[in-house]
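Reproduced below: upload.cif, with mmCIF, C-alpha atoms and all ligand atoms.
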```cif
data_protein
loop_
_atom_site.label_atom_id
_atom_site.label_comp_id
_atom_site.auth_asym_id
_atom_site.auth_seq_id
_atom_site.Cartn_x
_atom_site.Cartn_y
_atom_site.Cartn_z
CA MET F 1 33.16 -121.74 181.23
CA THR F 2 31.91 -125.06 179.86
CA ARG F 3 30.71 -125.23 176.29
CA GLN F 4 29.84 -127.85 173.72
CA LEU F 5 31.31 -127.76 170.24
CA SER F 6 29.06 -128.08 167.21
CA LYS F 7 29.01 -126.98 163.61
CA THR F 8 25.82 -124.95 164.06
CA PRO F 9 25.94 -121.18 163.41
CA ALA F 10 27.14 -119.06 166.30
CA PRO F 11 24.41 -117.88 168.69
CA ALA F 12 23.67 -114.18 168.83
CA GLN F 13 25.67 -111.83 171.03
CA PRO F 14 24.46 -112.16 174.64
CA PRO F 15 22.09 -109.42 175.75
CA HIS F 16 23.67 -106.80 178.07
CA PHE F 17 27.03 -107.37 176.36
CA ASP F 18 28.30 -104.89 173.82
CA VAL F 19 31.74 -105.94 172.61
CA HIS F 20 32.33 -102.60 170.87
CA ARG F 21 31.67 -100.81 174.12
CA ILE F 22 34.03 -103.25 175.92
CA ARG F 23 36.79 -102.56 173.39
CA GLU F 24 36.71 -98.90 174.30
CA ASP F 25 38.01 -99.89 177.75
CA PHE F 26 41.24 -101.34 176.29
CA PRO F 27 43.49 -98.63 174.82
CA ILE F 28 46.00 -101.03 173.26
CA LEU F 29 43.33 -102.51 170.98
CA HIS F 30 43.27 -99.25 169.03
CA ASN F 31 46.99 -99.46 168.21
CA LYS F 32 48.35 -100.20 164.78
CA VAL F 33 50.83 -103.04 164.24
CA HIS F 34 52.72 -103.04 160.94
CA ASN F 35 50.26 -100.29 160.03
CA LYS F 36 47.31 -102.65 160.52
CA THR F 37 44.78 -102.62 163.32
CA LEU F 38 45.90 -105.02 166.02
CA VAL F 39 43.99 -108.32 166.13
CA TYR F 40 45.11 -109.70 169.46
CA LEU F 41 44.46 -113.45 169.69
CA ASP F 42 47.14 -114.49 172.20
CA ASN F 43 45.08 -114.07 175.34
CA ALA F 44 46.17 -117.39 176.82
CA ALA F 45 49.71 -115.96 176.99
CA THR F 46 48.55 -112.73 178.56
CA THR F 47 45.49 -110.49 178.36
CA GLN F 48 45.34 -106.78 177.58
CA LYS F 49 44.52 -104.35 180.38
CA PRO F 50 41.42 -102.17 180.74
CA ASN F 51 41.61 -98.50 181.76
CA LEU F 52 40.26 -99.42 185.19
CA VAL F 53 43.43 -101.44 185.90
CA ILE F 54 45.81 -98.98 184.23
CA ASN F 55 44.27 -96.12 186.23
CA ALA F 56 44.45 -98.07 189.50
CA LEU F 57 48.21 -98.56 188.95
CA ARG F 58 48.70 -94.92 188.01
CA ARG F 59 46.70 -93.75 191.04
CA TYR F 60 48.62 -96.05 193.36
CA TYR F 61 52.04 -94.82 192.27
CA GLY F 62 50.82 -91.23 191.91
CA SER F 63 49.15 -90.80 195.27
CA GLU F 64 48.93 -93.96 197.40
CA ASN F 65 52.43 -95.50 197.35
CA ALA F 66 53.91 -96.65 200.68
CA ASN F 67 55.14 -99.93 202.10
CA ILE F 68 52.42 -102.01 203.77
CA HIS F 69 51.99 -103.62 207.21
CA ARG F 70 54.86 -101.44 208.48
CA GLY F 71 53.95 -97.79 208.94
CA VAL F 72 51.77 -96.06 211.51
CA TYR F 73 51.44 -93.10 209.16
CA LEU F 74 48.35 -92.52 207.03
CA LEU F 75 49.82 -93.36 203.63
CA SER F 76 51.10 -96.72 204.79
CA GLN F 77 47.73 -97.51 206.31
CA LEU F 78 45.98 -96.52 203.09
CA ALA F 79 48.26 -98.76 200.99
CA THR F 80 47.76 -101.60 203.49
CA ASP F 81 43.98 -101.21 203.32
CA LEU F 82 43.98 -101.23 199.52
CA TYR F 83 46.19 -104.34 199.40
CA GLU F 84 44.07 -106.20 201.95
CA GLN F 85 40.88 -105.13 200.16
CA ALA F 86 42.34 -106.73 197.02
CA ARG F 87 42.87 -109.95 198.97
CA ARG F 88 39.19 -109.92 199.97
CA LYS F 89 38.21 -109.31 196.33
CA VAL F 90 40.16 -112.44 195.34
CA GLN F 91 38.49 -114.34 198.19
CA ARG F 92 35.00 -113.37 196.99
CA PHE F 93 35.90 -113.93 193.33
CA ILE F 94 36.72 -117.61 193.90
CA ASN F 95 34.42 -118.02 196.92
CA ALA F 96 37.12 -118.96 199.42
CA ALA F 97 35.83 -119.36 202.97
CA GLU F 98 38.37 -116.94 204.52
CA SER F 99 40.69 -114.20 203.26
CA ARG F 100 43.65 -115.76 205.13
CA GLU F 101 43.37 -118.64 202.65
CA ILE F 102 44.51 -116.28 199.86
CA ILE F 103 48.29 -115.98 199.48
CA PHE F 104 49.56 -113.39 197.02
CA THR F 105 52.31 -114.80 194.79
CA ARG F 106 54.11 -113.66 191.65
CA GLY F 107 51.76 -115.85 189.61
CA THR F 108 50.67 -119.42 189.02
CA THR F 109 54.23 -120.66 188.63
CA GLU F 110 55.31 -119.37 192.02
CA ALA F 111 52.14 -120.75 193.64
CA ILE F 112 52.90 -124.23 192.28
CA ASN F 113 56.51 -124.01 193.44
CA LEU F 114 55.33 -122.89 196.87
CA VAL F 115 53.02 -125.87 197.34
CA ALA F 116 55.39 -128.41 195.76
CA SER F 117 58.23 -127.21 197.95
CA SER F 118 56.44 -126.56 201.23
CA TYR F 119 53.83 -129.35 201.19
CA GLY F 120 56.01 -131.80 199.25
CA ARG F 121 59.15 -131.50 201.37
CA THR F 122 57.14 -132.18 204.52
CA ASN F 123 54.84 -134.92 203.28
CA PHE F 124 56.46 -136.92 200.47
CA LYS F 125 58.61 -140.01 201.17
CA PRO F 126 60.55 -142.31 198.79
CA GLY F 127 58.11 -144.30 196.68
CA ASP F 128 55.17 -141.96 197.27
CA GLN F 129 53.20 -141.14 194.14
CA ILE F 130 51.98 -137.85 192.73
CA ILE F 131 49.36 -137.95 189.98
CA LEU F 132 49.21 -135.30 187.28
CA THR F 133 47.67 -135.21 183.81
CA GLY F 134 49.43 -135.55 180.46
CA MET F 135 48.27 -132.06 179.45
CA GLU F 136 50.02 -130.01 182.15
CA HIS F 137 51.91 -126.81 181.45
CA LEU F 138 55.59 -127.29 182.32
CA SER F 139 55.07 -125.00 185.33
CA ASN F 140 52.93 -127.80 186.74
CA ILE F 141 55.43 -130.54 185.87
CA VAL F 142 58.91 -129.28 186.70
CA PRO F 143 58.31 -128.15 190.33
CA TRP F 144 56.93 -131.64 191.06
CA GLN F 145 59.90 -133.28 189.33
CA ILE F 146 62.24 -131.21 191.49
CA ILE F 147 60.45 -132.27 194.67
CA CYS F 148 60.47 -135.89 193.46
CA GLN F 149 64.26 -135.68 193.05
CA GLN F 150 64.56 -134.32 196.58
CA THR F 151 62.18 -136.75 198.29
CA GLY F 152 62.25 -139.92 196.19
CA ALA F 153 58.55 -139.58 195.27
CA VAL F 154 57.50 -140.47 191.70
CA LEU F 155 55.12 -138.92 189.15
CA ARG F 156 52.28 -140.87 187.58
CA VAL F 157 50.66 -139.42 184.46
CA ALA F 158 46.94 -139.66 183.63
CA PRO F 159 46.55 -139.92 179.83
CA PHE F 160 44.16 -138.14 177.47
CA ASP F 161 42.54 -139.33 174.25
CA ASP F 162 42.79 -138.16 170.63
CA ASN F 163 40.32 -135.35 171.26
CA GLY F 164 42.39 -134.11 174.18
CA GLU F 165 39.95 -135.37 176.82
CA LEU F 166 41.29 -136.81 180.05
CA ILE F 167 40.54 -140.55 180.31
CA LEU F 168 38.84 -140.49 183.67
CA ASP F 169 38.88 -144.28 184.20
CA GLU F 170 42.63 -144.36 183.68
CA TYR F 171 43.05 -141.43 186.06
CA GLU F 172 41.08 -143.32 188.69
CA ARG F 173 43.11 -146.49 188.11
CA LEU F 174 46.34 -144.63 188.96
CA PHE F 175 45.38 -144.31 192.64
CA THR F 176 47.21 -146.70 194.97
CA PRO F 177 47.81 -146.71 198.73
CA ARG F 178 51.03 -144.76 197.94
CA THR F 179 49.26 -141.86 196.19
CA ARG F 180 49.92 -138.71 198.20
CA PHE F 181 48.90 -135.82 195.94
CA VAL F 182 47.11 -134.87 192.70
CA THR F 183 47.83 -131.81 190.60
CA ALA F 184 45.84 -130.99 187.47
CA VAL F 185 45.18 -128.19 185.04
CA HIS F 186 41.63 -126.83 184.92
CA LEU F 187 41.73 -125.50 181.33
CA SER F 188 44.54 -126.69 179.08
CA LYS F 189 46.13 -123.83 177.20
CA SER F 190 47.45 -125.97 174.36
CA LEU F 191 44.25 -127.97 173.72
CA GLY F 192 41.49 -125.86 175.21
CA THR F 193 40.21 -128.88 177.17
CA ILE F 194 38.26 -128.11 180.34
CA ASN F 195 38.95 -130.92 182.77
CA PRO F 196 36.17 -132.29 185.02
CA VAL F 197 37.96 -131.01 188.10
CA LYS F 198 35.05 -131.43 190.51
CA ARG F 199 34.82 -135.13 189.62
CA MET F 200 38.61 -135.53 189.70
CA ILE F 201 38.77 -133.97 193.15
CA ALA F 202 35.94 -136.20 194.43
CA ILE F 203 37.83 -139.27 193.20
CA ALA F 204 41.04 -138.11 194.89
CA HIS F 205 39.25 -137.29 198.13
CA ALA F 206 37.69 -140.76 198.15
CA HIS F 207 41.32 -141.94 198.41
CA ASN F 208 42.10 -139.28 201.01
CA VAL F 209 44.43 -137.45 198.63
CA PRO F 210 44.57 -133.61 198.41
CA VAL F 211 44.36 -131.84 195.05
CA PHE F 212 46.00 -128.76 193.55
CA ILE F 213 44.25 -127.15 190.57
CA ASP F 214 46.20 -125.00 188.11
CA GLY F 215 43.66 -122.31 187.26
CA ALA F 216 45.98 -120.13 185.14
CA GLN F 217 43.76 -120.43 182.06
CA SER F 218 40.35 -120.93 183.66
CA ILE F 219 40.20 -117.98 186.02
CA ALA F 220 39.06 -115.32 183.53
CA HIS F 221 36.71 -117.49 181.54
CA GLY F 222 34.03 -118.66 183.94
CA PRO F 223 32.98 -118.51 187.59
CA ILE F 224 35.25 -120.43 189.97
CA ASP F 225 33.95 -121.66 193.31
CA VAL F 226 36.76 -123.38 195.19
CA GLN F 227 34.39 -124.56 197.90
CA ASP F 228 31.95 -126.07 195.43
CA ILE F 229 34.66 -128.02 193.57
CA ASP F 230 36.30 -128.70 196.96
CA ALA F 231 39.82 -127.88 195.73
CA ASP F 232 42.49 -128.07 198.41
CA PHE F 233 44.67 -125.62 196.46
CA TYR F 234 43.87 -123.42 193.45
CA ALA F 235 46.24 -120.97 191.74
CA PHE F 236 46.06 -118.31 189.05
CA SER F 237 48.01 -115.38 187.57
CA GLY F 238 46.73 -111.78 187.51
CA HIS F 239 47.98 -111.09 183.99
CA LYS F 240 45.67 -113.68 182.45
CA LEU F 241 42.74 -111.98 184.18
CA TYR F 242 43.22 -108.51 182.63
CA GLY F 243 45.42 -107.57 185.62
CA PRO F 244 49.14 -106.76 185.95
CA THR F 245 52.05 -109.16 185.53
CA GLY F 246 54.06 -110.24 188.57
CA ILE F 247 51.04 -110.90 190.76
CA GLY F 248 48.84 -113.93 191.28
CA ALA F 249 47.15 -115.84 194.02
CA LEU F 250 47.30 -119.20 195.70
CA TYR F 251 44.18 -120.42 197.47
CA GLY F 252 44.76 -123.13 200.05
CA LYS F 253 42.46 -124.62 202.65
CA ALA F 254 43.53 -123.15 205.97
CA ARG F 255 44.03 -126.58 207.55
CA PHE F 256 46.73 -127.39 204.96
CA LEU F 257 48.36 -123.95 204.96
CA GLU F 258 48.57 -123.92 208.74
CA GLU F 259 50.52 -127.17 208.78
CA MET F 260 52.86 -126.22 205.93
CA PRO F 261 56.27 -124.64 206.67
CA PRO F 262 57.15 -121.25 205.11
CA TYR F 263 58.34 -121.28 201.52
CA GLN F 264 60.69 -118.31 201.88
CA GLY F 265 62.08 -116.40 204.85
CA GLY F 266 62.16 -112.62 205.22
CA GLY F 267 60.26 -109.59 206.47
CA ASP F 268 56.51 -109.82 207.13
CA MET F 269 56.46 -113.62 207.42
CA ILE F 270 57.72 -113.53 211.02
CA ALA F 271 56.09 -112.78 214.37
CA SER F 272 59.42 -112.54 216.25
CA VAL F 273 63.08 -113.30 215.52
CA THR F 274 66.09 -113.96 217.71
CA PHE F 275 69.31 -115.64 216.62
CA GLU F 276 68.10 -118.72 218.47
CA LYS F 277 64.51 -118.96 217.23
CA THR F 278 61.94 -117.46 214.85
CA GLU F 279 58.18 -117.50 215.37
CA TYR F 280 56.31 -117.35 212.10
CA ASN F 281 53.50 -114.94 211.33
CA GLU F 282 49.91 -116.11 210.99
CA LEU F 283 48.22 -116.86 207.65
CA PRO F 284 48.45 -115.57 205.00
CA TYR F 285 51.60 -113.58 205.89
CA LYS F 286 53.62 -116.70 206.77
CA PHE F 287 53.88 -117.27 203.00
CA GLU F 288 54.48 -113.66 201.94
CA ALA F 289 58.13 -112.90 202.74
CA GLY F 290 59.49 -109.47 201.86
CA THR F 291 57.82 -106.39 200.39
CA PRO F 292 55.15 -107.74 198.05
CA ASN F 293 53.95 -106.47 194.69
CA ILE F 294 51.61 -103.92 196.29
CA ALA F 295 50.64 -102.16 193.07
CA GLY F 296 50.11 -105.54 191.43
CA GLY F 297 47.75 -106.68 194.19
CA ILE F 298 45.74 -103.47 193.90
CA GLY F 299 45.72 -103.77 190.09
CA LEU F 300 44.51 -107.37 190.40
CA GLY F 301 41.69 -106.16 192.63
CA ALA F 302 40.75 -103.62 189.94
CA ALA F 303 40.79 -106.37 187.29
CA ILE F 304 38.39 -108.42 189.41
CA ASP F 305 36.13 -105.36 189.73
CA TYR F 306 36.21 -105.00 185.96
CA LEU F 307 35.35 -108.65 185.26
CA THR F 308 32.60 -108.58 187.85
CA SER F 309 31.08 -105.46 186.28
CA VAL F 310 31.05 -107.10 182.82
CA GLY F 311 29.65 -110.29 184.33
CA LEU F 312 31.25 -113.72 184.00
CA PRO F 313 28.11 -115.32 182.50
CA ASN F 314 28.23 -112.69 179.71
CA ILE F 315 31.90 -113.46 179.13
CA VAL F 316 31.24 -117.21 178.97
CA ALA F 317 28.43 -116.69 176.44
CA HIS F 318 30.51 -114.32 174.29
CA GLU F 319 33.61 -116.52 174.25
CA SER F 320 31.53 -119.64 173.50
CA ARG F 321 30.14 -117.85 170.49
CA LEU F 322 33.64 -116.92 169.32
CA LEU F 323 34.93 -120.45 169.80
CA GLU F 324 32.03 -122.02 167.96
CA TYR F 325 32.42 -119.61 165.06
CA ALA F 326 36.20 -120.10 164.94
CA HIS F 327 35.81 -123.88 164.86
CA SER F 328 33.34 -123.75 162.00
CA ARG F 329 35.41 -121.21 160.00
CA LEU F 330 38.80 -122.83 160.54
CA SER F 331 37.79 -126.46 160.16
CA GLY F 332 36.49 -125.61 156.67
CA ILE F 333 40.01 -124.62 155.53
CA PRO F 334 41.63 -127.42 153.46
CA GLY F 335 44.76 -128.86 155.09
CA LEU F 336 43.98 -127.34 158.50
CA ARG F 337 43.68 -129.69 161.47
CA VAL F 338 42.40 -128.51 164.82
CA VAL F 339 44.38 -130.07 167.69
CA GLY F 340 42.14 -130.43 170.73
CA THR F 341 38.48 -131.14 170.12
CA ALA F 342 37.26 -131.99 173.61
CA ARG F 343 33.51 -131.68 174.18
CA GLN F 344 34.10 -129.23 177.03
CA LYS F 345 36.39 -126.55 175.66
CA GLY F 346 37.54 -123.05 176.56
CA GLY F 347 38.23 -120.28 174.05
CA VAL F 348 41.42 -121.75 172.62
CA ILE F 349 41.92 -123.14 169.12
CA SER F 350 45.22 -124.84 168.34
CA PHE F 351 45.83 -125.91 164.77
CA VAL F 352 48.38 -127.18 162.28
CA LEU F 353 48.51 -126.64 158.52
CA LYS F 354 49.70 -129.48 156.34
CA GLY F 355 53.28 -128.89 155.20
CA ILE F 356 53.62 -125.44 156.82
CA HIS F 357 55.53 -124.78 160.02
CA PRO F 358 53.52 -122.95 162.72
CA HIS F 359 56.25 -120.31 163.05
CA ASP F 360 55.71 -119.37 159.40
CA ILE F 361 51.98 -119.11 160.06
CA GLY F 362 52.65 -116.81 163.02
CA THR F 363 55.07 -114.62 161.07
CA ILE F 364 52.79 -114.12 158.08
CA LEU F 365 49.76 -113.43 160.31
CA ASP F 366 51.83 -110.88 162.23
CA GLY F 367 52.36 -108.99 158.98
CA ASP F 368 48.59 -108.43 158.96
CA GLY F 369 48.59 -107.30 162.60
CA ILE F 370 47.24 -110.66 163.84
CA ALA F 371 48.94 -111.90 167.02
CA VAL F 372 48.73 -115.65 167.64
CA ARG F 373 51.12 -117.86 169.55
CA THR F 374 53.15 -120.55 167.82
CA GLY F 375 55.31 -123.27 169.33
CA HIS F 376 54.80 -126.01 171.89
CA HIS F 377 53.15 -123.58 174.33
CA CYS F 378 55.26 -124.95 177.22
CA CYS F 379 53.38 -128.24 176.75
CA GLN F 380 55.95 -130.45 175.00
CA PRO F 381 54.36 -133.70 176.29
CA VAL F 382 51.09 -132.69 174.58
CA MET F 383 52.93 -132.13 171.30
CA ASP F 384 54.67 -135.52 171.70
CA ARG F 385 51.29 -137.18 172.28
CA PHE F 386 50.07 -135.83 168.91
CA GLN F 387 53.49 -136.37 167.28
CA ILE F 388 53.77 -132.76 166.14
CA PRO F 389 56.53 -130.28 166.98
CA ALA F 390 54.27 -127.29 167.48
CA THR F 391 50.91 -125.70 166.74
CA ALA F 392 49.59 -122.23 166.01
CA ARG F 393 47.14 -121.11 168.69
CA ALA F 394 44.45 -118.46 168.77
CA SER F 395 42.99 -117.79 172.19
CA PHE F 396 40.03 -115.51 172.79
CA ALA F 397 39.09 -112.92 175.36
CA LEU F 398 36.05 -110.82 176.14
CA TYR F 399 37.08 -108.07 173.67
CA ASN F 400 37.52 -110.29 170.59
CA THR F 401 35.02 -110.12 167.75
CA ILE F 402 33.62 -112.24 164.93
CA PRO F 403 35.31 -109.99 162.29
CA GLU F 404 38.64 -110.69 164.02
CA ILE F 405 38.06 -114.41 163.53
CA ASP F 406 37.26 -113.72 159.89
CA ALA F 407 40.56 -111.82 159.69
CA LEU F 408 42.33 -114.87 161.16
CA ALA F 409 40.67 -117.23 158.66
CA ASP F 410 41.55 -114.92 155.76
CA GLY F 411 45.10 -114.64 157.07
CA ILE F 412 45.43 -118.44 157.16
CA LEU F 413 44.19 -118.66 153.57
CA LYS F 414 46.85 -116.09 152.67
CA VAL F 415 49.51 -118.26 154.39
CA ILE F 416 48.35 -121.23 152.32
CA GLY F 417 48.43 -119.08 149.20
CA PHE F 418 52.05 -118.06 149.92
CA LEU F 419 53.47 -121.33 151.12
CA GLY F 420 51.13 -123.89 149.49
CA SER F 421 49.51 -126.61 151.56
N1 LIG H 1 50.76 -120.06 180.00
C1 LIG H 1 50.64 -119.44 177.62
O1 LIG H 1 50.97 -118.81 176.62
P1 LIG H 1 52.61 -117.86 184.78
O2 LIG H 1 53.70 -117.80 183.76
O3 LIG H 1 53.12 -118.22 186.15
O4 LIG H 1 51.73 -116.67 184.78
O5 LIG H 1 51.64 -119.05 184.30
C2 LIG H 1 52.16 -120.32 184.05
C3 LIG H 1 51.09 -121.22 183.51
C4 LIG H 1 50.65 -122.26 184.32
N2 LIG H 1 49.67 -123.07 183.91
C5 LIG H 1 49.06 -122.91 182.73
C6 LIG H 1 47.93 -123.80 182.34
C7 LIG H 1 49.47 -121.87 181.87
O6 LIG H 1 48.86 -121.71 180.70
C8 LIG H 1 50.53 -121.02 182.26
C9 LIG H 1 51.05 -119.93 181.35
C10 LIG H 1 51.12 -119.04 179.01
O7 LIG H 1 49.87 -120.37 177.53
C11 LIG H 1 52.57 -118.68 179.00
S1 LIG H 1 53.60 -120.06 178.68
#
```
Starting from the file, lay out its structure as structure tokens.
Ligand code: C6P
Amino acid sequence: MTRQLSKTPAPAQPPHFDVHRIREDFPILHNKVHNKTLVYLDNAATTQKPNLVINALRRYYGSENANIHRGVYLLSQLATDLYEQARRKVQRFINAAESREIIFTRGTTEAINLVASSYGRTNFKPGDQIILTGMEHLSNIVPWQIICQQTGAVLRVAPFDDNGELILDEYERLFTPRTRFVTAVHLSKSLGTINPVKRMIAIAHAHNVPVFIDGAQSIAHGPIDVQDIDADFYAFSGHKLYGPTGIGALYGKARFLEEMPPYQGGGDMIASVTFEKTEYNELPYKFEAGTPNIAGGIGLGAAIDYLTSVGLPNIVAHESRLLEYAHSRLSGIPGLRVVGTARQKGGVISFVLKGIHPHDIGTILDGDGIAVRTGHHCCQPVMDRFQIPATARASFALYNTIPEIDALADGILKVIGFLGS
């Protein structure tokens, strides 16, 4: 996932990677938008889905649908097997030690709320401190603010510099004997910055503090090994990984999850219930109350199969090439400023145009079939840090091409031509 920015020409397409062949797997990419071929550059918001995932969902609802963990009949056992296989795929994908350390959630946001609520309510006391970075998505700010209001704990924010790089010394200086938890984004969706999470976790562990990593944007763009980085918790959403919406996963070290109380009550999370007392189920089911998103879990498993078949190293090489090319093309446009120029960057390029509001950029690009995101990207503190209201953002995926980046650059020149910069 890591890559260095430079102005040098983009390296050649990685061997064993044919982007035109890949594009055939994604039916939506052949659609027209405003009568133009879709150029989809909003992959940080959500990714498009390959046939493998679409077919897995169709097959599930067409011939495998039943509730899981409940029926002795064949169909229920089949659905249960498929769902539990998907859990093991997630386990292998992030190299978790055990499949019971994988909790299916609705996505990253629910995973963060689960940990903030369950771990925080039990462990935080008035005056305790939680460290997070200044570049968090609001999903990794608000749940911690809520738990702070409930427990009297306080947030401490690690700053970043003008390039969007975390200032590691300042992060380290925030630790005190009252620090109880760290939460940090792996890849910032507004800046593209890849944080040095392994180093950040080592620093926190030296202070005996557990760490949650928000992997929403990193999961599809490079290999993740939760044991190697030694994360205590790691979360991601299926829809950013070419999988369905409404499904995601929380990884947690078993020793933490075992001690944590349930997040929600309901079916499947119990071992036995009387009106006097409830015994909770074992991991991971203790945290999976009610009928889960079975199709979503199976679809997520298919997405992991797809990514694995393409090969994450190929994806990293391809997206690095796109990012490098985009930086050199866009930074040559007069009046355009790239926001977020960290040395270690993922395939995200946020920019502003002098005198032109990002929403106008987005609207004019849309007329040419080019989808980018505009706004504060749920990262208002990042915008405040740069004293801008919003940016336009192009974010790349494995199916994007160099001609699509040319189309973006030409579209931006058209915006400037219309609105003057
Ligand atoms: N970012 C974007 O356009 P959910 O909504 O639960 O799948 O993911 C939330 C989330 C958490 N952390 C980070 C770093 C994220 O980028 C996101 C979602 C989308 O950038 C939608 S706002």
Would you mind listing what lies within 6 Å of region 97-114 of chain F as number ranges by chain, with only C-alpha atoms counted and same-chain residues fewer than 4 positions away left out?
F: 88, 91, 118, 139, 143, 235-237, 246-252, 254, 263, 283-284
Sorted by chain and rising residue number, list the residues of chain F at most 7 Å from ligand LIG 1 (chain H) (counting all atoms listed in the file), each with its closest atom pair and distance in Å to one decimal, as a tab-separated table.
```
residue	atom	partner	partner_atom	distance
F:Ala44	CA	H:LIG1	O7	4.8
F:Ala45	CA	H:LIG1	O1	3.1
F:Thr46	CA	H:LIG1	O1	6.8
F:Gly107	CA	H:LIG1	O3	4.4
F:Thr108	CA	H:LIG1	O3	4.0
F:Thr109	CA	H:LIG1	O3	3.7
F:Glu110	CA	H:LIG1	O3	6.4
F:Glu136	CA	H:LIG1	C6	6.6
F:His137	CA	H:LIG1	C5	5.0
F:Ser139	CA	H:LIG1	C4	5.3
F:Asn140	CA	H:LIG1	N2	6.4
F:Val185	CA	H:LIG1	C6	5.8
F:Leu187	CA	H:LIG1	C6	6.5
F:Ser188	CA	H:LIG1	C6	5.5
F:Lys189	CA	H:LIG1	O6	4.9
F:Ser190	CA	H:LIG1	O7	6.9
F:Asp214	CA	H:LIG1	N2	5.8
F:Gly215	CA	H:LIG1	C6	6.7
F:Ala216	CA	H:LIG1	C5	4.8
F:Gln217	CA	H:LIG1	C6	5.4
F:Ser237	CA	H:LIG1	O4	4.8
F:His239	CA	H:LIG1	O4	6.8
F:His377	CA	H:LIG1	O7	5.6
F:Cys378	CA	H:LIG1	S1	5.4
```
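Comparing F:Arg21, F:Gln150, F:Leu155, F:Ile294 by their smallest distance to Glu64 (chain F), the closest is F:Ile294 (using all atoms listed in the file).
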What's the 6 Å shell around region 287-293 of chain F, counting all atoms listed in the file, without same-chain residues fewer than 4 positions away, as a PyMOL selection string?
chain F and resi 262+265-269
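Shortest atom-to-atom contact with Leu191 (chain F) among F:Asn400, F:Ser76, F:Thr37, F:Gln344: F:Gln344, counting all atoms listed in the file.
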As a list in words, please: the residues near region 207-212 of chain F (cut-off 9 Å, only C-alpha atoms, same-chain neighbours under 6 positions excluded).
Ile112, Val115, Phe175, Thr176, Pro177, Thr179, Arg180, Phe181, Val182, Thr183, Ala184, Val185, Met200, Ile201, Asp230, Ala231, Asp232, Phe233, Tyr234, Ala235 and Gly252 of chain F
Minimum-distance residue to Asp225 (chain F), chosen among F:Val154, F:His69, F:Ala96, F:Leu312 (using only C-alpha atoms)
F:Ala96
Residue contacts of Met383 (chain F) (12 Å, only C-alpha atoms) excluding same-chain residues fewer than 3 positions away, as a list in words
Gly134, Met135, Glu136, His137, Asp162, Gly164, Ser190, Leu191, Val339, Gly340, Ser350, Phe351, Val352, Gly375, His376, His377, Cys378, Cys379, Gln380, Phe386, Gln387, Ile388, Pro389, Ala390, Thr391 and Ala392 of chain F
Which of these, F:Gly332, F:Gly296, F:Pro261, F:Gly243, has the shortest distance to Ser117 (chain F) once you count all atoms listed in the file?
F:Pro261
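With distances restricted to only C-alpha atoms, F:Lys354 is the closest residue to Pro334 (chain F) from F:Lys36, F:Lys354, F:His186, F:Arg23.
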Polymer residues at most 12 Å from Gln149 (chain F), only C-alpha atoms, same-chain spacing of 2 or more positions, as a list in words:
Ala116, Ser117, Gly120, Arg121, Phe124, Lys125, Pro126, Gly127, Asp128, Val142, Pro143, Trp144, Gln145, Ile146, Ile147, Thr151, Gly152, Ala153, Val154 and Leu155 of chain F
With C-alpha atoms retained, could you export that selection as a PDB file, keeping the file's coordinate frame?
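Here's the written file selection_17.pdb:
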```pdb
ATOM      1  CA  ALA F 116      55.390-128.410 195.760  1.00  0.00           C
ATOM      2  CA  SER F 117      58.230-127.210 197.950  1.00  0.00           C
ATOM      3  CA  GLY F 120      56.010-131.800 199.250  1.00  0.00           C
ATOM      4  CA  ARG F 121      59.150-131.500 201.370  1.00  0.00           C
ATOM      5  CA  PHE F 124      56.460-136.920 200.470  1.00  0.00           C
ATOM      6  CA  LYS F 125      58.610-140.010 201.170  1.00  0.00           C
ATOM      7  CA  PRO F 126      60.550-142.310 198.790  1.00  0.00           C
ATOM      8  CA  GLY F 127      58.110-144.300 196.680  1.00  0.00           C
ATOM      9  CA  ASP F 128      55.170-141.960 197.270  1.00  0.00           C
ATOM     10  CA  VAL F 142      58.910-129.280 186.700  1.00  0.00           C
ATOM     11  CA  PRO F 143      58.310-128.150 190.330  1.00  0.00           C
ATOM     12  CA  TRP F 144      56.930-131.640 191.060  1.00  0.00           C
ATOM     13  CA  GLN F 145      59.900-133.280 189.330  1.00  0.00           C
ATOM     14  CA  ILE F 146      62.240-131.210 191.490  1.00  0.00           C
ATOM     15  CA  ILE F 147      60.450-132.270 194.670  1.00  0.00           C
ATOM     16  CA  THR F 151      62.180-136.750 198.290  1.00  0.00           C
ATOM     17  CA  GLY F 152      62.250-139.920 196.190  1.00  0.00           C
ATOM     18  CA  ALA F 153      58.550-139.580 195.270  1.00  0.00           C
ATOM     19  CA  VAL F 154      57.500-140.470 191.700  1.00  0.00           C
ATOM     20  CA  LEU F 155      55.120-138.920 189.150  1.00  0.00           C
TER      21      LEU F 155
END
```
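Residue nearest Tyr61 (chain F) within the list F:Val316, F:Ala295, F:Ile364, F:Leu241: F:Ala295 [criterion: smallest interatomic distance, all atoms listed in the file].
For the pair CA of Thr193 (chain F) and CA of Gly301 (chain F), the interatomic distance is 27.5 Å.
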Interatomic distance (Å, one decimal) between CA of Arg373 (chain F) and CA of Leu52 (chain F)
26.5 Å
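Atom pair CA of Gly297 (chain F) / CA of Leu257 (chain F) has a distance of 20.4 Å (rounded to one decimal).
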Copy region 21-28 of chain F out of the block into a file, keeping C-alpha atoms, as a JSON list (two decimals), in the first residue's frame.
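In the end it all went to out-v1.json:
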```
[["chain", "number", "residue", "atom", "x", "y", "z"],
["F", 21, "ARG", "CA", -9.38, -7.55, -18.60],
["F", 22, "ILE", "CA", -10.20, -6.47, -15.00],
["F", 23, "ARG", "CA", -12.75, -3.93, -16.26],
["F", 24, "GLU", "CA", -14.67, -6.71, -17.95],
["F", 25, "ASP", "CA", -15.46, -8.07, -14.47],
["F", 26, "PHE", "CA", -17.34, -4.88, -13.47],
["F", 27, "PRO", "CA", -20.59, -4.47, -15.43],
["F", 28, "ILE", "CA", -21.35, -0.96, -14.17]]
```
